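Q: Below you'll find data_37.cif; it's mmCIF, C-alpha atoms.
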data_upload
#
loop_
_atom_site.label_atom_id
_atom_site.label_comp_id
_atom_site.auth_asym_id
_atom_site.auth_seq_id
_atom_site.Cartn_x
_atom_site.Cartn_y
_atom_site.Cartn_z
CA MET A 1137 54.47 -39.92 -11.15
CA SER A 1138 51.09 -38.54 -12.22
CA PRO A 1139 50.55 -34.76 -12.36
CA GLU A 1140 48.08 -34.94 -9.46
CA ASP A 1141 50.54 -36.87 -7.28
CA HIS A 1142 53.21 -34.30 -8.12
CA ALA A 1143 50.83 -31.49 -7.20
CA ARG A 1144 49.81 -33.17 -3.94
CA ILE A 1145 53.42 -33.76 -2.89
CA SER A 1146 54.39 -30.19 -3.75
CA TRP A 1147 51.39 -28.91 -1.82
CA GLN A 1148 51.99 -31.03 1.26
CA ASN A 1149 55.69 -30.17 1.36
CA GLU A 1150 54.81 -26.51 1.50
CA GLY A 1151 53.15 -26.12 4.90
CA THR A 1152 54.97 -26.52 8.16
CA ALA A 1153 53.08 -26.83 11.43
CA MET A 1154 53.21 -23.83 13.71
CA PRO A 1155 54.06 -24.41 17.38
CA LEU A 1156 50.89 -25.66 19.08
CA PRO A 1157 49.16 -23.10 21.31
CA SER A 1158 48.89 -23.96 25.00
CA ILE A 1159 45.56 -25.11 26.43
CA GLU A 1160 45.36 -21.81 28.36
CA GLU A 1161 45.74 -19.85 25.10
CA LEU A 1162 43.08 -21.99 23.44
CA ASN A 1163 40.72 -21.50 26.35
CA ASP A 1164 41.33 -17.74 26.27
CA ARG A 1165 40.62 -17.57 22.51
CA ALA A 1166 37.48 -19.71 22.84
CA ASP A 1167 36.35 -17.40 25.69
CA ARG A 1168 36.90 -14.38 23.46
CA PHE A 1169 34.27 -15.76 21.06
CA ARG A 1170 31.85 -16.46 23.92
CA ARG A 1171 32.42 -12.95 25.29
CA LYS A 1172 31.62 -11.47 21.86
CA ILE A 1173 28.29 -13.35 21.77
CA ARG A 1174 27.51 -12.27 25.35
CA ARG A 1175 28.24 -8.63 24.42
CA ARG A 1176 25.95 -8.81 21.39
CA ASN A 1177 23.14 -10.27 23.52
CA LEU A 1178 23.72 -7.64 26.18
CA VAL A 1179 23.30 -4.83 23.61
CA GLU A 1180 19.97 -6.30 22.45
CA TYR A 1181 18.62 -6.76 25.98
CA THR A 1182 19.85 -3.35 27.10
CA ALA A 1183 18.06 -1.69 24.18
CA GLY A 1184 14.88 -3.57 25.15
CA ALA A 1185 15.31 -2.61 28.82
CA ILE A 1186 15.72 1.08 27.92
CA ILE A 1187 12.48 1.02 25.88
CA ILE A 1188 10.63 -0.74 28.71
CA ALA A 1189 11.96 1.77 31.27
CA PHE A 1190 10.97 4.69 29.04
CA PHE A 1191 7.40 3.35 28.63
CA ALA A 1192 7.19 2.63 32.37
CA VAL A 1193 8.16 6.21 33.23
CA LEU A 1194 5.52 7.51 30.79
CA MET A 1195 2.95 5.23 32.47
CA VAL A 1196 3.70 6.88 35.80
CA LEU A 1197 3.75 10.42 34.42
CA LEU A 1198 0.62 10.18 32.27
CA PRO A 1199 -2.52 9.66 34.34
CA LEU A 1200 -4.75 8.77 31.38
CA PRO A 1201 -6.09 5.16 31.65
CA ALA A 1202 -6.17 4.30 27.93
CA MET A 1203 -2.64 5.61 27.44
CA ARG A 1204 -1.46 3.62 30.45
CA THR A 1205 -3.10 0.48 29.06
CA GLY A 1206 -1.49 1.14 25.68
CA LEU A 1207 1.96 1.59 27.23
CA LEU A 1208 1.54 -1.55 29.33
CA THR A 1209 0.53 -3.49 26.19
CA ALA A 1210 3.61 -2.09 24.41
CA ILE A 1211 5.83 -3.22 27.31
CA VAL A 1212 4.35 -6.72 27.14
CA GLY A 1213 4.96 -6.70 23.36
CA VAL A 1214 8.64 -5.72 23.82
CA CYS A 1215 9.03 -8.49 26.45
CA VAL A 1216 7.58 -11.04 23.98
CA VAL A 1217 10.03 -9.86 21.29
CA LEU A 1218 13.00 -10.09 23.70
CA TRP A 1219 11.96 -13.59 24.73
CA GLN A 1220 11.68 -14.59 21.06
CA LEU A 1221 15.15 -13.10 20.36
CA HIS A 1222 16.52 -15.14 23.24
CA LYS A 1223 14.80 -18.30 21.96
CA ARG A 1224 15.92 -17.85 18.35
CA GLY A 1225 19.26 -16.16 18.91
CA ALA A 1226 21.56 -19.14 19.33
CA PRO A 1227 23.42 -19.82 16.08
CA LEU A 1228 25.14 -23.11 15.32
CA THR A 1229 28.82 -22.92 16.26
CA PRO A 1230 31.67 -24.81 14.56
CA PRO A 1231 33.06 -26.28 17.81
CA GLU A 1232 29.72 -27.55 19.05
CA HIS A 1233 28.03 -28.61 15.82
CA GLY A 1234 30.60 -28.29 13.02
CA GLY A 1235 32.31 -31.66 13.47
CA GLN A 1236 29.15 -33.71 13.69
CA ILE A 1237 27.70 -32.91 10.29
CA PRO A 1238 29.19 -32.26 6.83
CA LEU A 1239 30.06 -28.66 5.88
CA LEU A 1240 27.11 -28.14 3.53
CA GLU A 1241 24.65 -29.55 6.07
CA PHE A 1242 26.06 -27.18 8.72
CA GLN A 1243 25.76 -24.19 6.39
CA ARG A 1244 22.27 -25.25 5.31
CA ARG A 1245 20.96 -25.63 8.87
CA GLU A 1246 22.30 -22.20 9.83
CA LEU A 1247 20.80 -20.60 6.69
CA VAL A 1248 17.45 -22.32 7.35
CA ARG A 1249 17.49 -21.02 10.93
CA GLN A 1250 18.13 -17.46 9.69
CA ARG A 1251 15.61 -17.75 6.84
CA ASP A 1252 12.86 -18.99 9.18
CA ALA A 1253 13.52 -16.14 11.61
CA LEU A 1254 13.24 -13.55 8.81
CA ASP A 1255 10.34 -15.29 7.07
CA SER A 1256 8.23 -15.40 10.24
CA ILE A 1257 9.12 -11.83 11.30
CA PHE A 1258 5.44 -10.85 11.34
CA SER A 1259 4.35 -13.43 13.91
CA TRP A 1260 7.22 -13.13 16.41
CA TYR A 1261 8.47 -9.53 16.01
CA LEU A 1262 5.81 -7.29 14.49
CA LEU A 1263 2.54 -8.81 15.74
CA PRO A 1264 3.44 -8.56 19.48
CA LEU A 1265 4.12 -4.83 18.98
CA VAL A 1266 0.97 -4.05 16.96
CA PRO A 1267 -1.61 -3.93 19.85
CA GLY A 1268 0.60 -1.56 21.88
CA MET A 1269 1.20 0.67 18.86
CA LEU A 1270 -2.54 0.82 18.03
CA LEU A 1271 -3.55 1.51 21.63
CA VAL A 1272 -0.92 4.20 22.25
CA HIS A 1273 -1.92 6.07 19.10
CA SER A 1274 -5.65 5.70 19.84
CA ALA A 1275 -5.29 6.53 23.55
CA PRO A 1276 -5.79 10.35 23.26
CA LEU A 1277 -9.08 9.74 21.43
CA ILE A 1278 -10.26 7.04 23.89
CA ASP A 1279 -9.21 9.04 26.95
CA GLY A 1280 -10.89 12.17 25.51
CA TRP A 1281 -14.08 10.18 24.91
CA MET A 1282 -13.98 8.75 28.47
CA LEU A 1283 -13.49 12.22 29.92
CA GLY A 1284 -16.07 13.77 27.62
CA GLN A 1285 -13.43 16.01 26.04
CA MET A 1286 -13.55 14.97 22.40
CA ASP A 1287 -13.05 18.43 20.93
CA GLY A 1288 -9.29 18.73 21.22
CA ALA A 1289 -8.43 15.07 20.48
CA ASP A 1290 -6.35 14.43 17.35
CA SER A 1291 -7.30 11.63 14.97
CA PRO A 1292 -5.11 8.57 15.60
CA LEU A 1293 -5.16 7.63 11.93
CA SER A 1294 -2.03 9.49 10.81
CA GLY A 1295 0.06 7.99 13.67
CA ILE A 1296 -1.29 4.50 13.05
CA ALA A 1297 -0.67 4.88 9.30
CA LEU A 1298 2.95 5.92 9.95
CA GLY A 1299 3.44 2.97 12.34
CA MET A 1300 1.96 0.57 9.80
CA LEU A 1301 4.19 2.02 7.09
CA ILE A 1302 7.29 1.38 9.23
CA PHE A 1303 6.09 -2.13 10.13
CA GLY A 1304 5.36 -2.78 6.45
CA ALA A 1305 8.88 -1.69 5.47
CA VAL A 1306 10.43 -3.94 8.16
CA TYR A 1307 8.24 -6.83 6.97
CA TRP A 1308 9.21 -6.29 3.31
CA LEU A 1309 12.96 -6.01 4.05
CA ASN A 1310 12.90 -9.20 6.11
CA LYS A 1311 10.91 -11.10 3.51
CA ARG A 1312 13.43 -9.98 0.88
CA GLY A 1313 16.26 -11.20 3.13
CA ALA A 1314 14.49 -14.55 3.58
CA HIS A 1315 14.11 -14.85 -0.19
CA LYS A 1316 17.87 -14.25 -0.69
CA LEU A 1317 18.72 -16.86 1.95
CA GLN A 1318 16.36 -19.31 0.24
CA GLY A 1319 18.40 -18.82 -2.93
CA ARG A 1320 21.57 -19.82 -1.08
CA ILE A 1321 19.77 -22.83 0.46
CA SER A 1322 18.65 -23.93 -3.00
CA GLU A 1323 22.26 -23.65 -4.25
CA ILE A 1324 23.39 -25.94 -1.42
CA ASP A 1325 20.56 -28.38 -2.19
CA ALA A 1326 21.71 -28.49 -5.81
CA LEU A 1327 25.30 -29.20 -4.71
CA ARG A 1328 24.16 -32.01 -2.42
CA ALA A 1329 21.89 -33.54 -5.05
CA GLY A 1330 24.22 -33.02 -8.05
CA MET B 423 51.70 -38.80 2.32
CA ALA B 424 49.96 -38.03 5.57
CA ARG B 425 47.59 -40.69 6.78
CA GLU B 426 45.45 -40.68 9.87
CA ASN B 427 47.05 -41.79 13.06
CA ASN B 428 44.90 -44.75 14.06
CA ALA B 429 46.22 -44.50 17.58
CA LEU B 430 43.73 -41.65 17.98
CA HIS B 431 40.97 -44.26 18.02
CA ASP B 432 42.66 -46.73 20.35
CA ALA B 433 41.36 -45.65 23.74
CA PRO B 434 39.01 -43.10 25.22
CA GLN B 435 40.90 -39.85 25.60
CA SER B 436 40.35 -36.63 27.43
CA GLN B 437 39.47 -33.54 25.42
CA ASP B 438 43.01 -32.20 25.82
CA GLU B 439 44.63 -35.49 24.79
CA ALA B 440 42.35 -35.92 21.78
CA TYR B 441 43.06 -32.35 20.68
CA SER B 442 46.83 -32.69 21.16
CA GLY B 443 46.91 -35.88 19.10
CA ALA B 444 44.87 -34.39 16.27
CA ALA B 445 46.77 -31.08 16.32
CA ALA B 446 50.12 -32.89 16.14
CA THR B 447 48.94 -35.02 13.21
CA TYR B 448 47.14 -32.29 11.24
CA GLY B 449 49.01 -29.15 12.33
CA ALA B 450 50.67 -28.60 8.95
CA ALA B 451 47.43 -29.35 7.07
CA ILE B 452 45.63 -26.74 9.21
CA VAL B 453 48.26 -24.15 8.25
CA ARG B 454 47.77 -24.95 4.53
CA LEU B 455 43.98 -24.87 4.96
CA ALA B 456 44.16 -21.41 6.56
CA ARG B 457 46.41 -20.12 3.80
CA GLY B 458 43.91 -21.46 1.25
CA TYR B 459 41.25 -19.19 2.73
CA GLU B 460 43.30 -16.18 3.82
CA GLY B 461 45.91 -14.60 1.56
CA ASP B 462 47.24 -12.20 4.21
CA ALA B 463 50.00 -13.98 6.17
CA ASP B 464 49.20 -12.36 9.53
CA LEU B 465 45.46 -12.99 9.22
CA ALA B 466 46.19 -16.57 8.14
CA ARG B 467 48.24 -17.10 11.33
CA ASP B 468 45.33 -15.70 13.34
CA LEU B 469 42.95 -18.02 11.50
CA VAL B 470 45.17 -20.99 12.38
CA GLN B 471 44.85 -20.06 16.06
CA ASP B 472 41.06 -19.75 15.71
CA ILE B 473 40.89 -23.19 14.11
CA HIS B 474 42.96 -24.69 16.94
CA ALA B 475 40.70 -23.05 19.56
CA ALA B 476 37.56 -24.40 17.83
CA LEU B 477 39.18 -27.80 17.40
CA TRP B 478 40.11 -28.00 21.08
CA ARG B 479 36.57 -27.07 22.13
CA SER B 480 35.04 -29.43 19.58
CA PHE B 481 36.69 -32.48 21.14
CA ALA B 482 34.33 -32.05 24.11
CA TYR B 483 31.62 -33.19 21.65
CA PHE B 484 33.59 -35.86 19.78
CA GLU B 485 32.18 -39.34 20.31
CA GLY B 486 33.50 -41.05 17.21
CA GLN B 487 30.67 -39.72 14.99
CA CYS B 488 33.16 -39.79 12.09
CA SER B 489 36.91 -40.28 11.66
CA VAL B 490 39.21 -37.83 13.45
CA ARG B 491 40.45 -36.75 10.03
CA SER B 492 36.95 -35.83 8.81
CA TRP B 493 36.27 -34.13 12.16
CA VAL B 494 39.40 -31.97 11.92
CA TYR B 495 38.69 -30.91 8.34
CA ARG B 496 35.00 -30.19 9.06
CA ILE B 497 35.94 -27.93 11.98
CA GLY B 498 38.80 -26.29 10.07
CA HIS B 499 36.77 -25.48 6.96
CA ASN B 500 33.78 -24.33 9.02
CA VAL B 501 35.91 -21.86 10.97
CA ALA B 502 37.62 -20.69 7.77
CA VAL B 503 34.29 -20.10 5.98
CA SER B 504 33.01 -18.15 9.01
CA HIS B 505 36.28 -16.18 8.97
CA ILE B 506 35.91 -14.99 5.37
CA GLN B 507 32.21 -14.25 5.88
CA ALA B 508 32.89 -12.24 9.04
CA ALA B 509 35.65 -10.33 7.27
CA ARG B 510 33.10 -9.41 4.58
CA ARG B 511 35.49 -10.66 2.01
CA ALA B 512 33.15 -13.43 0.90
CA ARG B 513 32.19 -12.16 -2.54
CA PRO B 514 30.26 -15.08 -4.07
CA ASP B 515 29.97 -13.24 -7.38
CA GLY B 516 33.73 -12.66 -7.45
CA TYR B 517 34.60 -16.33 -7.12
CA ALA B 518 34.73 -18.84 -9.94
CA GLY B 519 33.66 -22.47 -10.15
CA LEU B 520 36.09 -25.18 -11.21
CA GLU B 521 34.18 -25.51 -14.49
CA GLU B 522 34.97 -21.87 -15.31
CA ILE B 523 38.75 -22.20 -14.92
CA ASP B 524 40.76 -23.45 -17.91
CA GLN B 525 44.19 -23.44 -16.37
CA LEU B 526 45.94 -22.89 -13.07
CA ALA B 527 46.14 -19.21 -12.17
CA ALA B 528 49.39 -17.27 -12.46
CA PRO B 529 51.27 -17.39 -9.16
CA ASP B 530 50.44 -14.77 -6.54
CA ASN B 531 54.19 -14.35 -6.26
CA PRO B 532 55.63 -14.29 -9.82
CA GLU B 533 59.15 -13.90 -8.41
CA ALA B 534 59.18 -17.51 -7.21
CA GLN B 535 61.87 -19.22 -9.25
CA ALA B 536 61.92 -22.80 -8.08
CA SER B 537 59.48 -24.80 -10.19
CA GLU B 538 58.02 -26.63 -7.19
CA ASN B 539 57.39 -23.34 -5.39
CA GLN B 540 55.89 -21.95 -8.55
CA LEU B 541 53.49 -24.89 -8.83
CA THR B 542 52.44 -24.43 -5.20
CA ASN B 543 51.99 -20.71 -5.76
CA ARG B 544 49.84 -21.37 -8.81
CA LEU B 545 47.77 -23.88 -6.82
CA MET B 546 47.30 -21.31 -4.05
CA ALA B 547 46.37 -18.55 -6.51
CA THR B 548 43.81 -20.89 -8.12
CA ILE B 549 42.36 -21.89 -4.73
CA HIS B 550 41.89 -18.22 -3.78
CA ARG B 551 39.73 -17.71 -6.89
CA LEU B 552 37.37 -20.61 -6.17
CA LYS B 553 33.87 -20.65 -4.71
CA PRO B 554 33.79 -22.17 -1.20
CA ALA B 555 32.51 -25.64 -2.19
CA ASP B 556 35.04 -26.01 -5.03
CA ARG B 557 37.78 -24.57 -2.83
CA GLN B 558 37.03 -27.20 -0.19
CA VAL B 559 37.20 -30.01 -2.73
CA MET B 560 40.53 -28.77 -4.11
CA LEU B 561 42.09 -28.31 -0.67
CA LEU B 562 40.91 -31.72 0.52
CA TYR B 563 42.03 -33.40 -2.71
CA LEU B 564 45.51 -31.90 -2.35
CA GLU B 565 45.58 -33.19 1.24
CA ASP B 566 45.17 -36.70 -0.17
CA LEU B 567 41.60 -37.38 0.87
CA THR B 568 39.70 -39.89 -1.23
CA ALA B 569 36.49 -38.96 -3.08
CA ALA B 570 34.44 -40.71 -0.39
CA GLU B 571 36.25 -38.79 2.38
CA ILE B 572 35.73 -35.50 0.53
CA GLY B 573 32.02 -36.29 0.30
CA ASP B 574 31.98 -37.14 4.02
CA VAL B 575 33.60 -33.82 4.98
CA THR B 576 31.76 -31.53 2.57
CA GLY B 577 28.37 -33.23 2.18
CA LEU B 578 28.64 -33.01 -1.62
CA SER B 579 27.05 -35.90 -3.50
CA ALA B 580 29.37 -38.59 -4.91
CA GLY B 581 28.57 -37.37 -8.43
CA ALA B 582 29.39 -33.75 -7.57
CA VAL B 583 32.73 -34.80 -6.00
CA ALA B 584 33.60 -37.00 -8.99
CA THR B 585 32.87 -34.19 -11.45
CA ARG B 586 35.05 -31.76 -9.52
CA ILE B 587 37.93 -34.22 -9.14
CA HIS B 588 37.79 -34.94 -12.88
CA ARG B 589 38.04 -31.19 -13.55
CA LEU B 590 40.85 -30.84 -11.01
CA LYS B 591 42.90 -33.60 -12.61
CA ALA B 592 42.63 -31.84 -15.96
CA LEU B 593 43.73 -28.56 -14.33
CA LEU B 594 46.68 -30.21 -12.59
CA ALA B 595 47.79 -31.93 -15.80
CA GLU B 596 47.82 -28.64 -17.71
CA PRO B 597 51.32 -27.43 -16.68
CA PHE B 598 52.78 -30.81 -17.72
CA GLN B 599 51.00 -30.75 -21.07
CA ASN B 600 52.35 -27.28 -21.74
CA GLU B 601 55.86 -28.45 -20.85
CA GLU B 602 55.50 -31.44 -23.22
CA SER B 603 54.29 -29.24 -26.05
CA ARG B 604 57.25 -26.87 -25.59
CA ARG B 605 59.74 -29.73 -26.08
#
Could you rewrite the structure in this file as structure tokens?
A:
Amino acid sequence: MSPEDHARISWQNEGTAMPLPSIEELNDRADRFRRKIRRRNLVEYTAGAIIIAFFAVLMVLLPLPAMRTGLLTAIVGVCVVLWQLHKRGAPLTPPEHGGQIPLLEFQRRELVRQRDALDSIFSWYLLPLVPGMLLVHSAPLIDGWMLGQMDGADSPLSGIALGMLIFGAVYWLNKRGAHKLQGRISEIDALRAG
Amino acid sequence: MARENNALHDAPQSQDEAYSGAAATYGAAIVRLARGYEGDADLARDLVQDIHAALWRSFAYFEGQCSVRSWVYRIGHNVAVSHIQAARRARPDGYAGLEEIDQLAAPDNPEAQASENQLTNRLMATIHRLKPADRQVMLLYLEDLTAAEIGDVTGLSAGAVATRIHRLKALLAEPFQNEESRR
């Protein structure tokens, strides 16, 4: 008997099947996974809803037209981001997709999905929020100008600069993440080609 | 050695029937697969249950796209890879490739006296050191899959599978060569 046959027989003699779980148990366990995904989505949408509610309350409380327009634009931006999260948020799952394609192809598709989401963070996450951020910060100046009360209005530049700095950091971190994922995709490509 | 039960292909089956047939045929292999990914016995048992749950659900999507055997191993390894990633124990830098290993690792349990147990323990210890792709090849090879079947499950090219099997054979021959040289 060859060494590999000996190893295979030893290996296969080792494991004994556990009693099979009932269909009810399997269903319950599969539901647990679905509940976890639903909970994660709920947290994201709740956070978005809280921000929208907060901006809506400010819109009611602040009577200044430019500020109201800015807050409304910010609400629209948050809605666009939530819709994009919903559109992009469905990962591949082993039960649904895992059997139909080889392991490396499954891993590659999931990594490509994640990489594309991070790589295009500017267009689907940051850009929808930029107009609202610019308008909200500029609103005191615009409203002051409209009311002829320019004297007390602060310059919007420091607020806009801070917002841009935060957006820039988010952009850079996501691009770095996309670059790392691309490295893993390239490793898989090498394995499939090799 | 275990071979696929062709009866699984004979007639259209319900999801529950297809799962039950596959689980009965590959139940022991699923246990070994889980142990190859998870060293902790309790977590490995939990992983087995997760694989069965995914396998049961997956048969709702099975339309003969590949053999039942490939299907079961694809689902099993996918769930196991997700398991180690979710547990944050996937340390790609801490794993080795087959080309970096000269001999089978010392057994996780050095107390094991029986030589067959010791060989299995050394195989398991070696598997736990491997990168995911190499680990998959070794586990599938030990389950008696051919090179073509390993390529079908993993998606590795034929050349990449052949290289890894060649390396594996050398690794598996090592304990015998040492025994010969001691005589």
Q: Please expand the PyMOL selection byres ((chain A) within 9 of (chain B)) into the concrete residues it hits in this file, giving the result as a JSON list (two decimals) with C-alpha atoms, in the frame of the given file.
A:
[["chain", "number", "residue", "atom", "x", "y", "z"],
["A", 1138, "SER", "CA", 51.09, -38.54, -12.22],
["A", 1139, "PRO", "CA", 50.55, -34.76, -12.36],
["A", 1140, "GLU", "CA", 48.08, -34.94, -9.46],
["A", 1141, "ASP", "CA", 50.54, -36.87, -7.28],
["A", 1142, "HIS", "CA", 53.21, -34.30, -8.12],
["A", 1143, "ALA", "CA", 50.83, -31.49, -7.20],
["A", 1144, "ARG", "CA", 49.81, -33.17, -3.94],
["A", 1145, "ILE", "CA", 53.42, -33.76, -2.89],
["A", 1146, "SER", "CA", 54.39, -30.19, -3.75],
["A", 1147, "TRP", "CA", 51.39, -28.91, -1.82],
["A", 1148, "GLN", "CA", 51.99, -31.03, 1.26],
["A", 1150, "GLU", "CA", 54.81, -26.51, 1.50],
["A", 1151, "GLY", "CA", 53.15, -26.12, 4.90],
["A", 1152, "THR", "CA", 54.97, -26.52, 8.16],
["A", 1153, "ALA", "CA", 53.08, -26.83, 11.43],
["A", 1154, "MET", "CA", 53.21, -23.83, 13.71],
["A", 1155, "PRO", "CA", 54.06, -24.41, 17.38],
["A", 1156, "LEU", "CA", 50.89, -25.66, 19.08],
["A", 1157, "PRO", "CA", 49.16, -23.10, 21.31],
["A", 1159, "ILE", "CA", 45.56, -25.11, 26.43],
["A", 1161, "GLU", "CA", 45.74, -19.85, 25.10],
["A", 1162, "LEU", "CA", 43.08, -21.99, 23.44],
["A", 1163, "ASN", "CA", 40.72, -21.50, 26.35],
["A", 1164, "ASP", "CA", 41.33, -17.74, 26.27],
["A", 1165, "ARG", "CA", 40.62, -17.57, 22.51],
["A", 1166, "ALA", "CA", 37.48, -19.71, 22.84],
["A", 1229, "THR", "CA", 28.82, -22.92, 16.26],
["A", 1230, "PRO", "CA", 31.67, -24.81, 14.56],
["A", 1231, "PRO", "CA", 33.06, -26.28, 17.81],
["A", 1232, "GLU", "CA", 29.72, -27.55, 19.05],
["A", 1233, "HIS", "CA", 28.03, -28.61, 15.82],
["A", 1234, "GLY", "CA", 30.60, -28.29, 13.02],
["A", 1235, "GLY", "CA", 32.31, -31.66, 13.47],
["A", 1236, "GLN", "CA", 29.15, -33.71, 13.69],
["A", 1237, "ILE", "CA", 27.70, -32.91, 10.29],
["A", 1238, "PRO", "CA", 29.19, -32.26, 6.83],
["A", 1239, "LEU", "CA", 30.06, -28.66, 5.88],
["A", 1240, "LEU", "CA", 27.11, -28.14, 3.53],
["A", 1241, "GLU", "CA", 24.65, -29.55, 6.07],
["A", 1242, "PHE", "CA", 26.06, -27.18, 8.72],
["A", 1243, "GLN", "CA", 25.76, -24.19, 6.39],
["A", 1324, "ILE", "CA", 23.39, -25.94, -1.42],
["A", 1327, "LEU", "CA", 25.30, -29.20, -4.71],
["A", 1328, "ARG", "CA", 24.16, -32.01, -2.42],
["A", 1329, "ALA", "CA", 21.89, -33.54, -5.05],
["A", 1330, "GLY", "CA", 24.22, -33.02, -8.05]]
Q: When the PyMOL selection byres ((chain A and resi 1203) around 12) is applied to the structure above, which residues does it catch, written out as JSON, numbers by chain?
A: {"A": [1191, 1192, 1194, 1195, 1196, 1197, 1198, 1199, 1200, 1201, 1202, 1204, 1205, 1206, 1207, 1208, 1209, 1210, 1268, 1269, 1270, 1271, 1272, 1273, 1274, 1275, 1276, 1277, 1278, 1279, 1280, 1282]}
Q: Report the distance between atom CA of Ser1322 of chain A and atom CA of Ala508 of chain B in Å, rounded to one decimal place.
A: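 That distance, rounded to one decimal, is 22.0 Å.
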Q: Which neighbours of Tyr1307 of chain A fall inside 7 Å, counting only C-alpha atoms, when residues of the same chain fewer than 3 positions from it are skipped, and could you give them as a list in words?
A: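 That gives Ile1257, Phe1258, Phe1303, Gly1304, Asn1310 and Lys1311 of chain A.
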Q: I need the residues from that last selection saved to file as a PDB file, in the frame of the given file (with C-alpha atoms), if you can.
A:
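Generated file (selection.pdb):
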ATOM      1  CA  ILE A1257       9.120 -11.830  11.300  1.00  0.00           C
ATOM      2  CA  PHE A1258       5.440 -10.850  11.340  1.00  0.00           C
ATOM      3  CA  PHE A1303       6.090  -2.130  10.130  1.00  0.00           C
ATOM      4  CA  GLY A1304       5.360  -2.780   6.450  1.00  0.00           C
ATOM      5  CA  ASN A1310      12.900  -9.200   6.110  1.00  0.00           C
ATOM      6  CA  LYS A1311      10.910 -11.100   3.510  1.00  0.00           C
TER       7      LYS A1311
END
Q: Find the residue from A:Asn1177, A:Ser1256, A:Ser1158, A:Gln1285 that sits nearest to Val1306 of chain A; use all atoms listed in the file when measuring.
A: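 Of all the options, A:Ser1256 lies closest to Val1306 of chain A.
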Q: If you count only C-alpha atoms, which residues fall within 12 Å of Glu1180 of chain A, apart from same-chain ones fewer than 3 positions away, as a count of residues only?
A: 19
Q: Figure out the distance between atom CA of Glu1323 of chain A and atom CA of Met560 of chain B, please, to one decimal in Å.
A: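 Taking atom CA of Met560 of chain B as the start and atom CA of Glu1323 of chain A as the end point, the length is 19.0 Å.
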Q: Quick check, in Å to one decimal: how far apart do atom CA of His505 of chain B and atom CA of Glu522 of chain B lie?
A: 25.0 Å
Q: What do you get, as a PyMOL selection string, if you spell out every residue that the PyMOL selection byres ((chain B and resi 518) around 6) selects here?
A: chain B and resi 517+519+551-553
Q: Just write the chosen residues, C-alpha atoms, as a CSV table (one decimal), keeping the file's coordinate frame.
A:
chain,number,residue,atom,x,y,z
B,517,TYR,CA,34.6,-16.3,-7.1
B,519,GLY,CA,33.7,-22.5,-10.2
B,551,ARG,CA,39.7,-17.7,-6.9
B,552,LEU,CA,37.4,-20.6,-6.2
B,553,LYS,CA,33.9,-20.6,-4.7
Q: Within 9 Å of Leu1247 of chain A, counting all atoms listed in the file, which residues show up once you throw out same-chain ones fewer than 6 positions away? Write them as a VMD selection string, please.
A: chain A and resid 1317 to 1318 1320 to 1321
Q: Missing atoms in segment 1311-1322 of chain A: can you complete it with N, CA and C atoms, as a short mmCIF file (atom, residue, chain, number, x, y, z; two decimals), in the coordinates of the input?
A:
data_model
loop_
_atom_site.label_atom_id
_atom_site.label_comp_id
_atom_site.auth_asym_id
_atom_site.auth_seq_id
_atom_site.Cartn_x
_atom_site.Cartn_y
_atom_site.Cartn_z
N LYS A 1311 11.35 -10.11 4.50
CA LYS A 1311 10.91 -11.10 3.51
C LYS A 1311 11.91 -11.17 2.35
N ARG A 1312 12.43 -10.01 1.96
CA ARG A 1312 13.43 -9.98 0.88
C ARG A 1312 14.70 -10.72 1.32
N GLY A 1313 15.10 -10.49 2.59
CA GLY A 1313 16.26 -11.20 3.13
C GLY A 1313 16.03 -12.71 3.14
N ALA A 1314 14.82 -13.11 3.54
CA ALA A 1314 14.49 -14.55 3.58
C ALA A 1314 14.56 -15.15 2.18
N HIS A 1315 14.10 -14.38 1.20
CA HIS A 1315 14.11 -14.85 -0.19
C HIS A 1315 15.56 -15.06 -0.67
N LYS A 1316 16.45 -14.12 -0.31
CA LYS A 1316 17.87 -14.25 -0.69
C LYS A 1316 18.48 -15.49 -0.04
N LEU A 1317 18.18 -15.68 1.25
CA LEU A 1317 18.72 -16.86 1.95
C LEU A 1317 18.20 -18.15 1.32
N GLN A 1318 16.92 -18.12 0.89
CA GLN A 1318 16.36 -19.31 0.24
C GLN A 1318 17.14 -19.63 -1.03
N GLY A 1319 17.59 -18.60 -1.74
CA GLY A 1319 18.40 -18.82 -2.93
C GLY A 1319 19.68 -19.56 -2.60
N ARG A 1320 20.33 -19.16 -1.49
CA ARG A 1320 21.57 -19.82 -1.08
C ARG A 1320 21.30 -21.26 -0.62
N ILE A 1321 20.14 -21.47 0.03
CA ILE A 1321 19.77 -22.83 0.46
C ILE A 1321 19.55 -23.71 -0.77
N SER A 1322 18.90 -23.16 -1.77
CA SER A 1322 18.65 -23.93 -3.00
C SER A 1322 19.97 -24.29 -3.69
#
